[in-house]
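The structure under discussion appears below in the form of structure tokens.
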Amino acid sequence: MSADIYNQAMAAQKAGNLAEAERLYRQIPGQVPEVVVKLGNLLARQGRHGEAMHFYDQAVAARPDFFEALFNRGNLLLELKRTEEALESYDRVLAARQDFAGVWNNRGTALRGLNRLDAALASFQRAVTLAPGHFNALTNAAVILWDMKRLPEALAAVDRALGVQPGFAEALYVKANVLRDLGRTGEALEAYEATLKSNPAHPHALNGAAQVARIVCDFKRVEALTPQVIQNAPGGRAVIQPFVLMGYSDDAALQRRCAENLVRMFVPQRPALRDVRRYGHDRIRLAYLSADYHQHPTAQLMVELFERHDRSRFEVTAIAFGPDDGSLLRARLKKVFDHFEDVRGLSDAEVARMLREREIDIAVDLNGHTAEARPGIFAWRPAPVQVNYLVYPGTTGADFMDVILADRIALPSDQQPYIREKIVHLPDSYQANDATRVVLPPPSRAAAGLPDSGFVFCCFNNSWKITSAMFDIWMRLLTQVDGSLLWLLDGPHADNLRAEAKARGVDPARLIFAPKLPPEQHLARQQLADLFLDTLPYNAHTTCSDALWAGLPVVTCYGKAFPGRVASSLLKAIDLPELVTASPQLYEALALELAQNPALLKATKEKLARNRTTTPLFDSERFRKNIETAYEAMLA
């Protein structure tokens with residue numbers, strides 16, 4: 001009778017009649033492990049995760065080495081982001097049976113979730129050894145190599161996967177990411193588009209294509225992608241990263257919904273490691289978490305603040321989960337903290353437990369939704385106060401973040417409805433700066449690749465910030481200022497911008513592309529420019545500070561959201577509000593006036609030179625006092 005019921009249940013399940021299959025499975029007397037697992041599988045398929053886990057646990061309790069129960073239990077735990085438990089379940093399978101490639105593959109995914117990349121790669125490679133045609137494992141191995149920045153190896157691995165399974169969408173997507181990071185952006189765009197052709201519902205390929213289209217300044221493709229990006233940002237078939245959205249939209253409400261969607265989808269809810277009570281230490285224990293403790297704009301801006309923190313009132317810890325590039329800046333950073341912890345091999349939970357065990361009072365996130373961010377650490381609520389600061393100019397959309405540090409220009413109080421965290425204003429600009437940097441003498445114009453004469457407009461912002469509308473303005477300025485040129489950073493966008501200039505009737509030779517140089521040489525050459533032209537909807541941030549520190553005036557336009565208001569904040573803090581305009585039309589008019597009025601430009605540069613050392617922007621001691629006062633108020 002039990003066999004008959006079992007066969008009927010199997011037939012009902014195969015026919016898609018899940019309710020009838022469940023009813024029949026539950027009728028089988030004795031509930032042997034094989035039946036219990038089938039019932040668990042049925043419930044898991046319906047999203048009834050708690051019930052499914054109950055039956056998997058029941059089967060494992062009855063037969064501790066039951067392969068199917070342990071494997072499916074691990075898969076469900078992995079889906080639920082209970083990664084450490086999933087790994088334990090897979091390891092129990094392997095203790096009895098090591099010849100099943102699927103276990104090694106899924107185990108590798110669990111290890112990646114725990115940030116144990118070497119072990120993950122070994123697990124995927126074992127899966128491939130057991131099953132050379134396992135294209136999922138081949139693709140996953142490529143992902144780990146990409147995580148490790150071993151890009152040529154990652155490309156070779158993903159090509160192996162595509163050799164086994166041509167047109168496999170996930171492998172095409174991984175290949176696109178690797179090609180993008182190799183700087184082969186044209187091929188990356190083709191791979192993203194191939195991904196979407198293979199799987200139009202792929203959740204990440206649209207975002208990748210949108211990002212690269214911006215990087216290469218493919219204005220036509222950007223225009224075509226914009227409606228899709230905006231439609232999917234708050235939660236659609238495609239997942240849009242909040243930082244990518246900022247290059248497409250200045251709608252602060254949409255930016256918040258996009259961030260909330262990303263957190264909801266990818267950052268599991270975790271039990272808080274501590275309650276809201278304060279520790280009451282003699283010194284505030286302050287931790288800065290960042291992937292950018294190397295030669296990076298974040299470290300460049302923050303290093304002097306780290307050096308200046310009042311150690312009689314603050315104990316300062318760095319939590320570093322990005323690469324060690326061996327740079328002088330990395331060495332300087334390692335010296336300035338009371339504790340410098342390289343946590344690259346630790347999981348989010350392990351880092352959170354470290355913060356809790358050290359009784360950190362305030363944990364500051366210096367990544368937000370930028371590359372290599374780890375919001376999963378903060379989801380555990382390891383600190384009484386958790387702060388979103390500096391790098392990501394917008395809300396994290398996370399209920400586990402308490403405060404966003406800003407100022408009244410960059411993020412006025414009327415923006416609070418679009419910000420999940422509480423806005424805390426610093427008195428001057430919110431941006432830290434390193435005023436110890438020496439500005440070397442400028443090179444010759446010839447050495448910098450500039451002609452001997454001609455007015456030099458420049459913009460050293462990343463190429464993805466350059467929009468068609470801003471480029472239109474710049475080309476009109478070149479047309480109206482005889483002999484002028486536009487100086488930009490070099491990169492894969494150069495050919496597209498030359499073509500865009502030609503289409504607007506401007507000789508492409510008037511666009512000069514500057515090669516990448518070490519920071520001190522890049523800072524020095526900016527003295528050769530006459531006027532820095534800012535971008536919208538995303539401003540110059542660190543690049544604005546660099547220009548001002550080098551004595552180069554910046555013309556900006558006050559945007560609608562935080563990313564487009566940072567340059568205005570910096571110019572106000574250096575007492576040059578006259579360089580802030582209220583519309584693109586006024587921005588263009590002011591740039592033209594400065595270019596055509598040498599006396600006005602000379603007076604502006606002289607004022608900037610005076611203000612560098614007499615106004616708040618580069619007054620690091622004043623900034624240190626302001627931010628420490630804010631930290632103390634957060635714990636009051």
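Residue numbering restarts at 1 for every chain of the structure tokens, chains are lettered A, B, ... in their displayed order, and ligands are numbered from 1 as they appear.
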Hey, could you make a per-residue contact list for region 460-557 of chain A against region 564-581 of chain A with 6 Å as the cut-off, showing the nearest pair of atoms and its distance in Å to one decimal, counting only C-alpha atoms, sorted by chain and number, as a tab-separated table?
residue	atom	partner	partner_atom	distance
A:Leu536	CA	A:Gly564	CA	5.9
A:Pro537	CA	A:Gly564	CA	5.1
A:Tyr538	CA	A:Gly564	CA	4.6
A:Asn539	CA	A:Gly564	CA	4.8
A:Ala540	CA	A:Ala567	CA	5.9
A:Val555	CA	A:Leu579	CA	5.0
A:Thr556	CA	A:Val580	CA	5.2
A:Cys557	CA	A:Thr581	CA	4.6
| message | According to DSSP computed on the backbone, where in region 182-278 of chain A is there alpha helix (DSSP H)? Give the residues as JSON, numbers by chain. | response | {"A": [185, 186, 187, 188, 189, 190, 191, 192, 193, 194, 195, 196, 197, 198, 205, 206, 207, 208, 209, 210, 211, 212, 213, 214, 215, 219, 220, 221, 222, 223, 224, 225, 226, 227, 228, 229, 230, 231, 232, 242, 243, 244, 245, 252, 253, 254, 255, 256, 257, 258, 259, 260, 261, 262, 263, 264, 265, 266]}
| request: Write out as a list in words which residues come within 9 Å of region 128-133 of chain A when counting only C-alpha atoms, dropping same-chain ones fewer than 6 positions away. | output: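 Counting only the stated atoms, we get Asp99, Phe100, Ala101, Trp104, Asn105, Ala161, Val164 and Gln165 of chain A.
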Keeping N, CA, C and O atoms for every residue in the selection just given, could you write it to a file as an mmCIF file, in the first residue's frame?
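See again-v9.cif below for the written result:
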data_model
loop_
_atom_site.group_PDB
_atom_site.id
_atom_site.type_symbol
_atom_site.label_atom_id
_atom_site.label_comp_id
_atom_site.auth_asym_id
_atom_site.auth_seq_id
_atom_site.Cartn_x
_atom_site.Cartn_y
_atom_site.Cartn_z
ATOM 1 N N ASP A 99 32.906 11.759 -4.682
ATOM 2 C CA ASP A 99 32.949 11.607 -6.134
ATOM 3 C C ASP A 99 31.835 12.354 -6.856
ATOM 4 O O ASP A 99 31.641 12.160 -8.058
ATOM 5 N N PHE A 100 31.102 13.205 -6.144
ATOM 6 C CA PHE A 100 29.953 13.887 -6.756
ATOM 7 C C PHE A 100 30.307 15.344 -7.031
ATOM 8 O O PHE A 100 30.477 16.147 -6.109
ATOM 9 N N ALA A 101 30.447 15.687 -8.306
ATOM 10 C CA ALA A 101 30.914 17.034 -8.680
ATOM 11 C C ALA A 101 29.979 18.125 -8.193
ATOM 12 O O ALA A 101 30.419 19.229 -7.834
ATOM 13 N N TRP A 104 30.893 19.412 -4.734
ATOM 14 C CA TRP A 104 32.081 20.278 -4.746
ATOM 15 C C TRP A 104 31.750 21.650 -5.330
ATOM 16 O O TRP A 104 32.239 22.689 -4.841
ATOM 17 N N ASN A 105 30.920 21.683 -6.357
ATOM 18 C CA ASN A 105 30.547 22.960 -6.966
ATOM 19 C C ASN A 105 29.773 23.833 -5.985
ATOM 20 O O ASN A 105 30.091 25.013 -5.777
ATOM 21 N N ALA A 161 34.500 27.240 -20.166
ATOM 22 C CA ALA A 161 33.079 26.973 -19.916
ATOM 23 C C ALA A 161 32.267 27.152 -21.193
ATOM 24 O O ALA A 161 31.386 26.337 -21.506
ATOM 25 N N VAL A 164 32.540 24.322 -23.589
ATOM 26 C CA VAL A 164 31.689 23.179 -23.253
ATOM 27 C C VAL A 164 30.232 23.481 -23.567
ATOM 28 O O VAL A 164 29.497 22.630 -24.086
ATOM 29 N N GLN A 165 29.797 24.718 -23.231
ATOM 30 C CA GLN A 165 28.390 25.096 -23.393
ATOM 31 C C GLN A 165 28.312 26.455 -24.090
ATOM 32 O O GLN A 165 28.144 27.476 -23.454
#
| request: Skip Thr535 (chain A) itself and residues of its chain fewer than 6 positions away, then list as a ChimeraX atom specification all residues within 7 Å of it, counting only C-alpha atoms. | output: /A:465-466,470
| request: For Leu155 (chain A), please output as number ranges by chain all residues within 9 Å (counting only C-alpha atoms; exclusion window: fewer than 6 positions along the same chain). | output: A: 142, 145-146, 174-175, 178-179
| Nearest candidate to Leu114 (chain A) (options A:Ala287, A:Leu450, A:Val351, A:Leu511; using only C-alpha atoms) |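 When distances to Leu114 (chain A) are compared using only C-alpha atoms, the smallest one comes from A:Val351.
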| task | Find the residues near region 32-49 of chain A: any atom within 7 Å, counting only C-alpha atoms, skip ones fewer than 3 places away on the same chain, and give them as a list in words. | result | Glu22, Tyr25, Ala52, Met53, Phe55, Tyr56, Ala59, Ala62 and Ala69 of chain A
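Minimum distance to Thr436 (chain A) across A:Lys502, A:Arg510, A:Arg308, A:Arg344 (counting only C-alpha atoms) occurs at A:Arg308.
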| message | as an NGL selection string, please: the residues near Gln596 (chain A) (cut-off 8 Å, only C-alpha atoms, same-chain neighbours under 3 positions excluded). | response | :A and (481 or 592-593)
Go through region 439-467 of chain A residue by residue and, counting only C-alpha atoms, keep those with an atom at most 12 Å from region 194-215 of chain A; for each kept residue give the shortest atom pair and its distance in Å to one decimal, ordered by chain and increasing number, as CSV.
residue,atom,partner,partner_atom,distance
A:Asn461,CA,A:Ile215,CA,11.2
A:Asn462,CA,A:Ile215,CA,7.9
A:Ser463,CA,A:Ile215,CA,5.4
A:Trp464,CA,A:Ile215,CA,4.2
A:Lys465,CA,A:Arg214,CA,7.4
A:Ile466,CA,A:Arg214,CA,7.8
A:Thr467,CA,A:Arg214,CA,8.1
| remark: Restricting to only C-alpha atoms, whichever of A:Arg498, A:Arg107, A:Arg82, A:Arg264 is closest to Pro375 (chain A) is A:Arg264
| field | Minimum-distance residue to Ala547 (chain A), chosen among A:Gly16, A:Cys459, A:Tyr631, A:Leu411 (using only C-alpha atoms) | value |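 Closest to Ala547 (chain A) of all the choices is A:Cys459.
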| said: I'd like the interatomic distance between CA of Asp250 (chain A) and CA of Trp487 (chain A), to a tenth of an Å. | reply: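 It comes out at 25.8 Å.
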| query | Which residue, A:Ile419, A:Asp365, A:Thr298, A:Arg270, has the smallest gap to Arg381 (chain A) when you use only C-alpha atoms? | reply |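 Checking each candidate against Arg381 (chain A), we get A:Arg270 as the closest.
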